[in-house]
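Colleague: Have a look at the structure that comes next, please.
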2 protein chains.
Amino acid sequence: MKIRVGIYGYGNLGKGVECAIMNNDDLELKAVFSRREPEQIKLLSKNVPVYKTEEAISMEKDIDVMILCGGSATDLPKQTPMIAKYFNVVDSFDTHAKIPEHLNTVHNRALIGNKTAIISVGWDPGMFSLNRIYSMAVLPNGETYTFWGKGVSQGHSDAIRRIQGVLDAKQYTIPKQEALDSVRSGANPEFSTRQKHLRECFVVAAEDADLEKIKNEIETMPNYFSDYDTIVNFISQDELNKNHSGIPHGGLVIRTGKSGEKLENNHRIEYSLALDSNPEFTAGVLVAYARAAVRMNRSGKKGGYTPFDVAPIDLIKENRSDAIINYL
Amino acid sequence: MKIRVGIYGYGNLGKGVECAIMNNDDLELKAVFSRREPEQIKLLSKNVPVYKTEEAISMEKDIDVMILCGGSATDLPKQTPMIAKYFNVVDSFDTHAKIPEHLNTVHNRALIGNKTAIISVGWDPGMFSLNRIYSMAVLPNGETYTFWGKGVSQGHSDAIRRIQGVLDAKQYTIPKQEALDSVRSGANPEFSTRQKHLRECFVVAAEDADLEKIKNEIETMPNYFSDYDTIVNFISQDELNKNHSGIPHGGLVIRTGKSGEKLENNHRIEYSLALDSNPEFTAGVLVAYARAAVRMNRSGKKGGYTPFDVAPIDLIKENRSDAIINYL
């Protein structure tokens, strides 16, 4: 019998989860829940109902795991604890400083309902976190560096769009090659914000706009750009649509460290992601952990967890013997 | 109280484990066991006793986990099951085809003694296996490639040394750049053995040796070299000692895959290791899993496991709250 999955929130991430379920034949999309009116929503999947979020709880018996696809700022802090009492859940909560609090709240709610919840699932937090903990574990004498990009930052793109005279914009975060080279050399560098990443912006300006003024406003914008080397390119809307319509992302986790009696041997562990679609890749991770949440619940592991608590074997559809033969 | 570790077998790997324990302050080396006479062995650690392997069983109460450092061909198939009845154990068994059988034997023996055993710990099998299973789990629609090197193959070096007229030799396995480029492009290539890796040999020949004959014997050696492009360099013993005395290794696990309604988006996951010392890095992995074996045993997980069964949180010395803050 397939694992019956619900999607709670149907934006980019929710659509990505829908696609990911199609690529996992042990999973079945049972229903989508949205704050919008169901008749406004057209799914990619055939014969899957859309309901208002308020109706979710009534489907406790029909859904094995709910994948929460809302945002970390305001949606997930409320939705995950609420839903975790009724369903096994997975979310991609990524407000780093608030993870312990969120985990604690979700844990207690899940325990009330005898459910299993896995939070902070995605690529960072998520796959990058796993690489940080594994590489720390096996190479304790060293230093870990995380780089993001090349990829689109939605928040920074939005910030540019709010500038007067800007019609549209896309911002890429890019790791600096010198910084990567220095880390890979094993030099254990310390970086300022400016030294690690640069920001490249593609901006569509209104016909009568003052380009120098826009450029200056971007470059000096506090929190967003003032601490970075920023490249501003003005392009046409056509060009933006043609060359910058995707939401690619990625990055690297690099750990260098030493071993030996006198720490005379150097080692480097490097993990990198190059993703055409940030939400679709995140969705792939969510779906694998949704499978794990159901399995953990069935084997008695109730409450709140993070990817650190999940054994890799629970993430795949194959049984353990096949996994050993195919991947070990 | 520190975790009390025993080392069973004191070759390159055993010495590496000894060094790794020094780099993990929650672990303590309690004793080393060897088939050699204890008085012949000089440890790097002070005040740690060396015993004959036969004495190990008498120390059941003094050691929390035994790290088995013998070879996979003949040592571990006997030693791990034997020891697993008396101690929590970790080994680096790497004869891939025999892993299911080894796991089964070790599992049954560990259960008799209420112990926990984790087998096939290292970097391949080990860290590479983890990356194969994780990347398969999150990107099911794709292809995984494993490359080894640049690194020293001990078996191939030995094979060259057995050729008449060869005084010493070192062989490096090297991934082919064209193969890496093709995989990274997302082309999902199929490779012959020759297309994936090349083999470079550094050979010290006797003064009167026939170099052409040696070169030919290497290049045509079945199983070892005949299926590969092989480069043979003749050098002096001095040069070999100076430039090729280390045992570096490494490699890459790359998965490319697709997502989206029409599989229109491409993703690449890449994990790579560049290691100055193969045995010392392997030792670092063994030591982390030794910690996990003790924790799993204390929490009631008895029997035989592989790295696939171990949650990452059990590998590090920090508690869960700190791990979440520091690595998630």
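Following the order of the structure tokens, chains are lettered A, B, ..., residues in each are numbered from 1, and ligands are numbered from 1.
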Dump as a PDB file with all heavy atoms, in the first residue's frame the residues of chain A that approach chain B to within 6 Å, counting only C-alpha atoms.
Modeller:
```
ATOM      1  N   CYS A  19       5.236  17.427  -7.786  1.00  0.00           N
ATOM      2  CA  CYS A  19       6.083  16.789  -8.803  1.00  0.00           C
ATOM      3  C   CYS A  19       6.928  15.667  -8.198  1.00  0.00           C
ATOM      4  O   CYS A  19       7.095  14.601  -8.792  1.00  0.00           O
ATOM      5  CB  CYS A  19       7.019  17.810  -9.449  1.00  0.00           C
ATOM      6  SG  CYS A  19       6.174  19.042 -10.448  1.00  0.00           S
ATOM      7  N   PRO A 125      18.556  24.657   6.098  1.00  0.00           N
ATOM      8  CA  PRO A 125      18.941  23.422   6.785  1.00  0.00           C
ATOM      9  C   PRO A 125      18.475  22.176   6.049  1.00  0.00           C
ATOM     10  O   PRO A 125      17.477  22.201   5.346  1.00  0.00           O
ATOM     11  CB  PRO A 125      18.239  23.544   8.145  1.00  0.00           C
ATOM     12  CG  PRO A 125      17.095  24.467   7.909  1.00  0.00           C
ATOM     13  CD  PRO A 125      17.568  25.433   6.862  1.00  0.00           C
ATOM     14  N   SER A 129      23.262  20.656   6.423  1.00  0.00           N
ATOM     15  CA  SER A 129      23.428  20.377   7.859  1.00  0.00           C
ATOM     16  C   SER A 129      23.998  18.983   8.062  1.00  0.00           C
ATOM     17  O   SER A 129      24.880  18.773   8.904  1.00  0.00           O
ATOM     18  CB  SER A 129      22.077  20.462   8.571  1.00  0.00           C
ATOM     19  OG  SER A 129      21.311  21.545   8.104  1.00  0.00           O
ATOM     20  N   ARG A 132      27.558  19.049   7.403  1.00  0.00           N
ATOM     21  CA  ARG A 132      28.300  19.699   8.485  1.00  0.00           C
ATOM     22  C   ARG A 132      28.500  18.736   9.653  1.00  0.00           C
ATOM     23  O   ARG A 132      29.590  18.637  10.214  1.00  0.00           O
ATOM     24  CB  ARG A 132      27.566  20.973   8.941  1.00  0.00           C
ATOM     25  CG  ARG A 132      27.704  22.132   7.950  1.00  0.00           C
ATOM     26  CD  ARG A 132      27.140  23.446   8.507  1.00  0.00           C
ATOM     27  NE  ARG A 132      25.693  23.464   8.577  1.00  0.00           N
ATOM     28  CZ  ARG A 132      24.892  24.056   7.687  1.00  0.00           C
ATOM     29  NH1 ARG A 132      25.412  24.683   6.640  1.00  0.00           N
ATOM     30  NH2 ARG A 132      23.585  24.046   7.851  1.00  0.00           N
ATOM     31  N   ILE A 133      27.464  17.996  10.030  1.00  0.00           N
ATOM     32  CA  ILE A 133      27.586  17.132  11.208  1.00  0.00           C
ATOM     33  C   ILE A 133      28.434  15.895  10.891  1.00  0.00           C
ATOM     34  O   ILE A 133      29.296  15.505  11.695  1.00  0.00           O
ATOM     35  CB  ILE A 133      26.201  16.760  11.800  1.00  0.00           C
ATOM     36  CG1 ILE A 133      26.350  16.252  13.241  1.00  0.00           C
ATOM     37  CG2 ILE A 133      25.464  15.746  10.949  1.00  0.00           C
ATOM     38  CD1 ILE A 133      25.029  16.078  13.973  1.00  0.00           C
ATOM     39  N   ALA A 137      32.015  15.028  12.560  1.00  0.00           N
ATOM     40  CA  ALA A 137      32.136  13.781  13.314  1.00  0.00           C
ATOM     41  C   ALA A 137      33.385  13.001  12.920  1.00  0.00           C
ATOM     42  O   ALA A 137      34.095  12.467  13.773  1.00  0.00           O
ATOM     43  CB  ALA A 137      30.901  12.906  13.095  1.00  0.00           C
ATOM     44  N   VAL A 138      33.678  12.941  11.630  1.00  0.00           N
ATOM     45  CA  VAL A 138      34.773  12.082  11.170  1.00  0.00           C
ATOM     46  C   VAL A 138      36.108  12.823  11.094  1.00  0.00           C
ATOM     47  O   VAL A 138      37.155  12.189  10.985  1.00  0.00           O
ATOM     48  CB  VAL A 138      34.460  11.421   9.801  1.00  0.00           C
ATOM     49  CG1 VAL A 138      33.161  10.620   9.895  1.00  0.00           C
ATOM     50  CG2 VAL A 138      34.377  12.427   8.669  1.00  0.00           C
ATOM     51  N   GLY A 260      46.683  12.525  12.387  1.00  0.00           N
ATOM     52  CA  GLY A 260      48.047  12.039  12.579  1.00  0.00           C
ATOM     53  C   GLY A 260      48.600  12.423  13.941  1.00  0.00           C
ATOM     54  O   GLY A 260      48.064  13.286  14.627  1.00  0.00           O
ATOM     55  N   GLU A 261      49.684  11.752  14.300  1.00  0.00           N
ATOM     56  CA  GLU A 261      50.277  11.971  15.620  1.00  0.00           C
ATOM     57  C   GLU A 261      50.605  13.447  15.835  1.00  0.00           C
ATOM     58  O   GLU A 261      50.354  14.009  16.892  1.00  0.00           O
ATOM     59  CB  GLU A 261      51.553  11.116  15.750  1.00  0.00           C
ATOM     60  CG  GLU A 261      52.117  11.118  17.156  1.00  0.00           C
ATOM     61  CD  GLU A 261      53.469  10.411  17.224  1.00  0.00           C
ATOM     62  OE1 GLU A 261      53.956   9.937  16.171  1.00  0.00           O
ATOM     63  OE2 GLU A 261      54.034  10.350  18.333  1.00  0.00           O
ATOM     64  N   ASN A 265      48.865  15.283   8.532  1.00  0.00           N
ATOM     65  CA  ASN A 265      48.127  14.941   7.315  1.00  0.00           C
ATOM     66  C   ASN A 265      46.858  15.779   7.166  1.00  0.00           C
ATOM     67  O   ASN A 265      46.115  15.961   8.127  1.00  0.00           O
ATOM     68  CB  ASN A 265      47.779  13.450   7.311  1.00  0.00           C
ATOM     69  CG  ASN A 265      48.998  12.590   7.056  1.00  0.00           C
ATOM     70  OD1 ASN A 265      49.782  12.875   6.147  1.00  0.00           O
ATOM     71  ND2 ASN A 265      49.193  11.555   7.863  1.00  0.00           N
ATOM     72  N   ASN A 266      46.652  16.285   5.950  1.00  0.00           N
ATOM     73  CA  ASN A 266      45.505  17.151   5.662  1.00  0.00           C
ATOM     74  C   ASN A 266      44.435  16.392   4.882  1.00  0.00           C
ATOM     75  O   ASN A 266      44.753  15.563   4.023  1.00  0.00           O
ATOM     76  CB  ASN A 266      45.957  18.355   4.837  1.00  0.00           C
ATOM     77  CG  ASN A 266      46.851  19.261   5.652  1.00  0.00           C
ATOM     78  OD1 ASN A 266      46.418  19.839   6.639  1.00  0.00           O
ATOM     79  ND2 ASN A 266      48.117  19.350   5.255  1.00  0.00           N
ATOM     80  N   HIS A 267      43.196  16.718   5.170  1.00  0.00           N
ATOM     81  CA  HIS A 267      42.081  16.097   4.474  1.00  0.00           C
ATOM     82  C   HIS A 267      41.064  17.172   4.102  1.00  0.00           C
ATOM     83  O   HIS A 267      40.937  18.168   4.796  1.00  0.00           O
ATOM     84  CB  HIS A 267      41.402  15.055   5.365  1.00  0.00           C
ATOM     85  CG  HIS A 267      42.360  14.067   5.949  1.00  0.00           C
ATOM     86  ND1 HIS A 267      42.949  13.073   5.217  1.00  0.00           N
ATOM     87  CD2 HIS A 267      42.867  13.943   7.195  1.00  0.00           C
ATOM     88  CE1 HIS A 267      43.754  12.361   5.986  1.00  0.00           C
ATOM     89  NE2 HIS A 267      43.724  12.876   7.189  1.00  0.00           N
ATOM     90  N   ARG A 268      40.366  16.917   3.001  1.00  0.00           N
ATOM     91  CA  ARG A 268      39.316  17.859   2.603  1.00  0.00           C
ATOM     92  C   ARG A 268      38.066  17.081   2.215  1.00  0.00           C
ATOM     93  O   ARG A 268      38.117  16.122   1.454  1.00  0.00           O
ATOM     94  CB  ARG A 268      39.771  18.702   1.409  1.00  0.00           C
ATOM     95  CG  ARG A 268      38.805  19.824   1.083  1.00  0.00           C
ATOM     96  CD  ARG A 268      39.307  20.731  -0.026  1.00  0.00           C
ATOM     97  NE  ARG A 268      39.225  20.089  -1.323  1.00  0.00           N
ATOM     98  CZ  ARG A 268      40.262  19.830  -2.124  1.00  0.00           C
ATOM     99  NH1 ARG A 268      41.499  20.167  -1.759  1.00  0.00           N
ATOM    100  NH2 ARG A 268      40.080  19.256  -3.282  1.00  0.00           N
ATOM    101  N   ILE A 269      36.941  17.498   2.785  1.00  0.00           N
ATOM    102  CA  ILE A 269      35.632  16.927   2.471  1.00  0.00           C
ATOM    103  C   ILE A 269      34.817  18.038   1.833  1.00  0.00           C
ATOM    104  O   ILE A 269      34.710  19.125   2.398  1.00  0.00           O
ATOM    105  CB  ILE A 269      34.909  16.447   3.750  1.00  0.00           C
ATOM    106  CG1 ILE A 269      35.786  15.499   4.559  1.00  0.00           C
ATOM    107  CG2 ILE A 269      33.562  15.808   3.400  1.00  0.00           C
ATOM    108  CD1 ILE A 269      35.209  15.155   5.942  1.00  0.00           C
ATOM    109  N   GLU A 270      34.273  17.772   0.668  1.00  0.00           N
ATOM    110  CA  GLU A 270      33.535  18.832  -0.017  1.00  0.00           C
ATOM    111  C   GLU A 270      32.211  18.294  -0.537  1.00  0.00           C
ATOM    112  O   GLU A 270      32.167  17.247  -1.181  1.00  0.00           O
ATOM    113  CB  GLU A 270      34.397  19.361  -1.172  1.00  0.00           C
ATOM    114  CG  GLU A 270      33.795  20.552  -1.867  1.00  0.00           C
ATOM    115  CD  GLU A 270      34.808  21.308  -2.750  1.00  0.00           C
ATOM    116  OE1 GLU A 270      36.014  21.306  -2.446  1.00  0.00           O
ATOM    117  OE2 GLU A 270      34.355  21.885  -3.744  1.00  0.00           O
ATOM    118  N   TYR A 271      31.150  19.020  -0.239  1.00  0.00           N
ATOM    119  CA  TYR A 271      29.803  18.645  -0.703  1.00  0.00           C
ATOM    120  C   TYR A 271      29.245  19.835  -1.442  1.00  0.00           C
ATOM    121  O   TYR A 271      29.289  20.954  -0.950  1.00  0.00           O
ATOM    122  CB  TYR A 271      28.924  18.326   0.499  1.00  0.00           C
ATOM    123  CG  TYR A 271      27.501  17.923   0.163  1.00  0.00           C
ATOM    124  CD1 TYR A 271      27.202  16.630  -0.240  1.00  0.00           C
ATOM    125  CD2 TYR A 271      26.458  18.830   0.271  1.00  0.00           C
ATOM    126  CE1 TYR A 271      25.897  16.245  -0.533  1.00  0.00           C
ATOM    127  CE2 TYR A 271      25.143  18.457  -0.016  1.00  0.00           C
ATOM    128  CZ  TYR A 271      24.873  17.161  -0.410  1.00  0.00           C
ATOM    129  OH  TYR A 271      23.575  16.789  -0.695  1.00  0.00           O
ATOM    130  N   SER A 272      28.754  19.609  -2.648  1.00  0.00           N
ATOM    131  CA  SER A 272      28.202  20.744  -3.373  1.00  0.00           C
ATOM    132  C   SER A 272      26.907  20.387  -4.072  1.00  0.00           C
ATOM    133  O   SER A 272      26.667  19.229  -4.446  1.00  0.00           O
ATOM    134  CB  SER A 272      29.210  21.290  -4.385  1.00  0.00           C
ATOM    135  OG  SER A 272      29.420  20.366  -5.423  1.00  0.00           O
ATOM    136  N   LEU A 273      26.074  21.375  -4.209  1.00  0.00           N
ATOM    137  CA  LEU A 273      24.803  21.250  -4.904  1.00  0.00           C
ATOM    138  C   LEU A 273      24.734  22.297  -6.001  1.00  0.00           C
ATOM    139  O   LEU A 273      25.118  23.448  -5.789  1.00  0.00           O
ATOM    140  CB  LEU A 273      23.631  21.483  -3.940  1.00  0.00           C
ATOM    141  CG  LEU A 273      23.452  20.469  -2.822  1.00  0.00           C
ATOM    142  CD1 LEU A 273      22.342  20.922  -1.864  1.00  0.00           C
ATOM    143  CD2 LEU A 273      23.126  19.093  -3.393  1.00  0.00           C
ATOM    144  N   ALA A 274      24.267  21.893  -7.177  1.00  0.00           N
ATOM    145  CA  ALA A 274      23.997  22.831  -8.268  1.00  0.00           C
ATOM    146  C   ALA A 274      22.589  22.520  -8.745  1.00  0.00           C
ATOM    147  O   ALA A 274      22.355  21.474  -9.356  1.00  0.00           O
ATOM    148  CB  ALA A 274      25.010  22.652  -9.390  1.00  0.00           C
ATOM    149  N   LEU A 275      21.662  23.397  -8.432  1.00  0.00           N
ATOM    150  CA  LEU A 275      20.239  23.098  -8.568  1.00  0.00           C
ATOM    151  C   LEU A 275      19.567  24.047  -9.547  1.00  0.00           C
ATOM    152  O   LEU A 275      19.631  25.258  -9.382  1.00  0.00           O
ATOM    153  CB  LEU A 275      19.553  23.235  -7.197  1.00  0.00           C
ATOM    154  CG  LEU A 275      20.265  22.566  -6.010  1.00  0.00           C
ATOM    155  CD1 LEU A 275      19.567  22.921  -4.707  1.00  0.00           C
ATOM    156  CD2 LEU A 275      20.340  21.064  -6.201  1.00  0.00           C
ATOM    157  N   ASP A 276      18.898  23.507 -10.541  1.00  0.00           N
ATOM    158  CA  ASP A 276      18.121  24.338 -11.458  1.00  0.00           C
ATOM    159  C   ASP A 276      16.921  24.961 -10.767  1.00  0.00           C
ATOM    160  O   ASP A 276      16.504  26.064 -11.100  1.00  0.00           O
ATOM    161  CB  ASP A 276      17.588  23.495 -12.632  1.00  0.00           C
ATOM    162  CG  ASP A 276      18.557  23.442 -13.797  1.00  0.00           C
ATOM    163  OD1 ASP A 276      19.654  24.036 -13.699  1.00  0.00           O
ATOM    164  OD2 ASP A 276      18.211  22.805 -14.814  1.00  0.00           O
ATOM    165  N   GLY A 284      12.129  17.463  -3.104  1.00  0.00           N
ATOM    166  CA  GLY A 284      12.650  16.101  -3.141  1.00  0.00           C
ATOM    167  C   GLY A 284      13.130  15.644  -1.773  1.00  0.00           C
ATOM    168  O   GLY A 284      12.944  14.489  -1.381  1.00  0.00           O
ATOM    169  N   VAL A 285      13.761  16.553  -1.047  1.00  0.00           N
ATOM    170  CA  VAL A 285      14.229  16.219   0.299  1.00  0.00           C
ATOM    171  C   VAL A 285      13.034  16.028   1.234  1.00  0.00           C
ATOM    172  O   VAL A 285      12.976  15.067   2.011  1.00  0.00           O
ATOM    173  CB  VAL A 285      15.188  17.308   0.831  1.00  0.00           C
ATOM    174  CG1 VAL A 285      15.778  16.878   2.167  1.00  0.00           C
ATOM    175  CG2 VAL A 285      16.309  17.600  -0.178  1.00  0.00           C
ATOM    176  N   ALA A 288      11.409  12.602   0.789  1.00  0.00           N
ATOM    177  CA  ALA A 288      12.173  11.494   1.372  1.00  0.00           C
ATOM    178  C   ALA A 288      11.979  11.446   2.894  1.00  0.00           C
ATOM    179  O   ALA A 288      11.819  10.368   3.482  1.00  0.00           O
ATOM    180  CB  ALA A 288      13.658  11.632   1.027  1.00  0.00           C
ATOM    181  N   PHE A 308      18.993  15.208  11.728  1.00  0.00           N
ATOM    182  CA  PHE A 308      20.079  14.578  12.489  1.00  0.00           C
ATOM    183  C   PHE A 308      19.624  13.295  13.185  1.00  0.00           C
ATOM    184  O   PHE A 308      20.443  12.446  13.531  1.00  0.00           O
ATOM    185  CB  PHE A 308      20.613  15.534  13.558  1.00  0.00           C
ATOM    186  CG  PHE A 308      21.351  16.727  13.007  1.00  0.00           C
ATOM    187  CD1 PHE A 308      21.681  17.796  13.844  1.00  0.00           C
ATOM    188  CD2 PHE A 308      21.728  16.788  11.678  1.00  0.00           C
ATOM    189  CE1 PHE A 308      22.379  18.884  13.351  1.00  0.00           C
ATOM    190  CE2 PHE A 308      22.422  17.884  11.175  1.00  0.00           C
ATOM    191  CZ  PHE A 308      22.746  18.939  12.018  1.00  0.00           C
ATOM    192  N   ASP A 309      18.325  13.186  13.454  1.00  0.00           N
ATOM    193  CA  ASP A 309      17.800  12.048  14.212  1.00  0.00           C
ATOM    194  C   ASP A 309      17.357  10.891  13.327  1.00  0.00           C
ATOM    195  O   ASP A 309      16.903   9.869  13.830  1.00  0.00           O
ATOM    196  CB  ASP A 309      16.582  12.505  15.031  1.00  0.00           C
ATOM    197  CG  ASP A 309      16.914  13.677  15.939  1.00  0.00           C
ATOM    198  OD1 ASP A 309      17.833  13.541  16.763  1.00  0.00           O
ATOM    199  OD2 ASP A 309      16.260  14.730  15.810  1.00  0.00           O
ATOM    200  N   VAL A 310      17.458  11.068  12.017  1.00  0.00           N
ATOM    201  CA  VAL A 310      16.886  10.095  11.086  1.00  0.00           C
ATOM    202  C   VAL A 310      17.998   9.247  10.465  1.00  0.00           C
ATOM    203  O   VAL A 310      18.945   9.779   9.873  1.00  0.00           O
ATOM    204  CB  VAL A 310      16.097  10.814   9.975  1.00  0.00           C
ATOM    205  CG1 VAL A 310      15.493   9.812   9.001  1.00  0.00           C
ATOM    206  CG2 VAL A 310      15.010  11.708  10.593  1.00  0.00           C
ATOM    207  N   ALA A 311      17.895   7.933  10.597  1.00  0.00           N
ATOM    208  CA  ALA A 311      18.862   7.038   9.955  1.00  0.00           C
ATOM    209  C   ALA A 311      18.617   7.046   8.447  1.00  0.00           C
ATOM    210  O   ALA A 311      17.463   6.993   8.004  1.00  0.00           O
ATOM    211  CB  ALA A 311      18.728   5.631  10.513  1.00  0.00           C
ATOM    212  N   PRO A 312      19.691   7.109   7.652  1.00  0.00           N
ATOM    213  CA  PRO A 312      19.514   7.186   6.194  1.00  0.00           C
ATOM    214  C   PRO A 312      18.643   6.074   5.616  1.00  0.00           C
ATOM    215  O   PRO A 312      17.917   6.297   4.643  1.00  0.00           O
ATOM    216  CB  PRO A 312      20.952   7.080   5.656  1.00  0.00           C
ATOM    217  CG  PRO A 312      21.868   7.309   6.798  1.00  0.00           C
ATOM    218  CD  PRO A 312      21.091   7.210   8.066  1.00  0.00           C
ATOM    219  N   ILE A 313      18.666   4.911   6.209  1.00  0.00           N
ATOM    220  CA  ILE A 313      17.906   3.779   5.670  1.00  0.00           C
ATOM    221  C   ILE A 313      16.409   4.070   5.604  1.00  0.00           C
ATOM    222  O   ILE A 313      15.693   3.506   4.769  1.00  0.00           O
ATOM    223  CB  ILE A 313      18.174   2.496   6.504  1.00  0.00           C
ATOM    224  CG1 ILE A 313      17.703   1.249   5.783  1.00  0.00           C
ATOM    225  CG2 ILE A 313      17.551   2.590   7.887  1.00  0.00           C
ATOM    226  CD1 ILE A 313      18.521   0.879   4.593  1.00  0.00           C
ATOM    227  N   LEU A 315      15.020   6.709   4.610  1.00  0.00           N
ATOM    228  CA  LEU A 315      14.688   7.703   3.590  1.00  0.00           C
ATOM    229  C   LEU A 315      14.322   7.101   2.242  1.00  0.00           C
ATOM    230  O   LEU A 315      13.768   7.784   1.388  1.00  0.00           O
ATOM    231  CB  LEU A 315      15.873   8.650   3.378  1.00  0.00           C
ATOM    232  CG  LEU A 315      16.301   9.465   4.594  1.00  0.00           C
ATOM    233  CD1 LEU A 315      17.575  10.212   4.276  1.00  0.00           C
ATOM    234  CD2 LEU A 315      15.199  10.437   4.991  1.00  0.00           C
ATOM    235  N   ILE A 316      14.676   5.854   2.026  1.00  0.00           N
ATOM    236  CA  ILE A 316      14.492   5.293   0.682  1.00  0.00           C
ATOM    237  C   ILE A 316      13.420   4.217   0.679  1.00  0.00           C
ATOM    238  O   ILE A 316      13.108   3.626   1.705  1.00  0.00           O
ATOM    239  CB  ILE A 316      15.807   4.716   0.117  1.00  0.00           C
ATOM    240  CG1 ILE A 316      16.350   3.611   1.028  1.00  0.00           C
ATOM    241  CG2 ILE A 316      16.842   5.808  -0.079  1.00  0.00           C
ATOM    242  CD1 ILE A 316      17.339   2.739   0.323  1.00  0.00           C
ATOM    243  N   TYR A 327      23.781   0.357  -2.520  1.00  0.00           N
ATOM    244  CA  TYR A 327      24.407   1.637  -2.171  1.00  0.00           C
ATOM    245  C   TYR A 327      25.594   1.532  -1.235  1.00  0.00           C
ATOM    246  O   TYR A 327      26.406   2.441  -1.177  1.00  0.00           O
ATOM    247  CB  TYR A 327      23.374   2.597  -1.554  1.00  0.00           C
ATOM    248  CG  TYR A 327      22.118   2.722  -2.370  1.00  0.00           C
ATOM    249  CD1 TYR A 327      20.876   2.366  -1.846  1.00  0.00           C
ATOM    250  CD2 TYR A 327      22.182   3.162  -3.691  1.00  0.00           C
ATOM    251  CE1 TYR A 327      19.722   2.460  -2.608  1.00  0.00           C
ATOM    252  CE2 TYR A 327      21.034   3.254  -4.458  1.00  0.00           C
ATOM    253  CZ  TYR A 327      19.816   2.911  -3.918  1.00  0.00           C
ATOM    254  OH  TYR A 327      18.686   3.002  -4.672  1.00  0.00           O
ATOM    255  N   LEU A 328      25.673   0.430  -0.433  1.00  0.00           N
ATOM    256  CA  LEU A 328      26.755   0.382   0.550  1.00  0.00           C
ATOM    257  C   LEU A 328      28.087   0.119  -0.140  1.00  0.00           C
ATOM    258  O   LEU A 328      29.072   0.745   0.149  1.00  0.00           O
ATOM    259  CB  LEU A 328      26.483  -0.690   1.607  1.00  0.00           C
ATOM    260  CG  LEU A 328      27.383  -0.623   2.848  1.00  0.00           C
ATOM    261  CD1 LEU A 328      27.133   0.626   3.667  1.00  0.00           C
ATOM    262  CD2 LEU A 328      27.192  -1.839   3.748  1.00  0.00           C
TER     263      LEU A 328
END
```
Colleague: Where does DSSP see strand (DSSP E or B) in stretch 185-245 of chain B, if you list the residues as a VMD selection string?
Modeller: chain B and resid 197 to 205 229 to 234
Colleague: What's the 12 Å shell around A:Pro189, counting only C-alpha atoms, without same-chain residues fewer than 2 positions away, as a PyMOL selection string?
Modeller: chain A and resi 142-145+178-187+191-192+195-196+255-256
Colleague: Where does DSSP see helix (DSSP H, G or I) in stretch 82-227 of chain A, if you list the residues as a VMD selection string?
Modeller: chain A and resid 82 to 84 96 to 112 127 to 138 154 to 161 177 to 184 193 to 196 211 to 219
Colleague: Just the number, please: distance in Å from atom CA of B:Glu239 to atom CA of B:Ile174, one decimal.
Modeller: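 Distance reported for this atom pair: 20.2 Å.
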Colleague: Applying 8 Å and only C-alpha atoms, which residues near A:Leu29 remain after dropping the ones on its own chain fewer than 4 positions away? List them as a PyMOL selection string.
Modeller: chain A and resi 4-7+18+21+48
Colleague: Could you turn the residues from that selection into a file that holds N, CA and C atoms, as a PDB file, in the first residue's frame?
Modeller:
```pdb
ATOM      1  N   ARG A   4       0.218   7.618   1.873  1.00  0.00           N
ATOM      2  CA  ARG A   4      -0.727   8.665   1.451  1.00  0.00           C
ATOM      3  C   ARG A   4      -0.279  10.024   1.978  1.00  0.00           C
ATOM      4  N   VAL A   5       0.031  10.921   1.046  1.00  0.00           N
ATOM      5  CA  VAL A   5       0.636  12.202   1.407  1.00  0.00           C
ATOM      6  C   VAL A   5      -0.350  13.338   1.190  1.00  0.00           C
ATOM      7  N   GLY A   6      -0.348  14.294   2.113  1.00  0.00           N
ATOM      8  CA  GLY A   6      -1.078  15.545   1.925  1.00  0.00           C
ATOM      9  C   GLY A   6      -0.111  16.704   1.780  1.00  0.00           C
ATOM     10  N   ILE A   7      -0.488  17.670   0.952  1.00  0.00           N
ATOM     11  CA  ILE A   7       0.317  18.890   0.796  1.00  0.00           C
ATOM     12  C   ILE A   7      -0.466  20.035   1.421  1.00  0.00           C
ATOM     13  N   GLU A  18       4.403  18.216  -5.189  1.00  0.00           N
ATOM     14  CA  GLU A  18       3.497  17.461  -6.062  1.00  0.00           C
ATOM     15  C   GLU A  18       4.295  16.715  -7.148  1.00  0.00           C
ATOM     16  N   ILE A  21       6.348  13.794  -5.656  1.00  0.00           N
ATOM     17  CA  ILE A  21       5.533  12.605  -5.364  1.00  0.00           C
ATOM     18  C   ILE A  21       5.347  11.766  -6.635  1.00  0.00           C
ATOM     19  N   VAL A  48      -7.028  14.545  -7.863  1.00  0.00           N
ATOM     20  CA  VAL A  48      -6.648  14.795  -6.470  1.00  0.00           C
ATOM     21  C   VAL A  48      -7.449  16.010  -5.995  1.00  0.00           C
TER      22      VAL A  48
END
```
Colleague: Can you tell me, as a ChimeraX atom specification, what residues are no more than 8 Å from stretch 50-64 of chain A when counting only C-alpha atoms, ignoring any on the same chain fewer than 2 positions away?
Modeller: /A:3-6,8,30-39,41,48,66,83,86-88,294
Colleague: Counting only C-alpha atoms, which of B:Met296, B:Glu28, B:Leu240, B:Gly304 gets nearest to B:Lys85?
Modeller: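 Closest residue, counting only C-alpha atoms: B:Gly304.
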Colleague: Which residues, written as a list in words, have at least one atom at most 12 Å from B:Gly300, with only C-alpha atoms counted and residues fewer than 4 positions away on the same chain left out?
Modeller: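 Returned residues: Leu111, Asn114, Lys115, Thr116, Ala293, Val294, Arg295 and Met296 of chain B.
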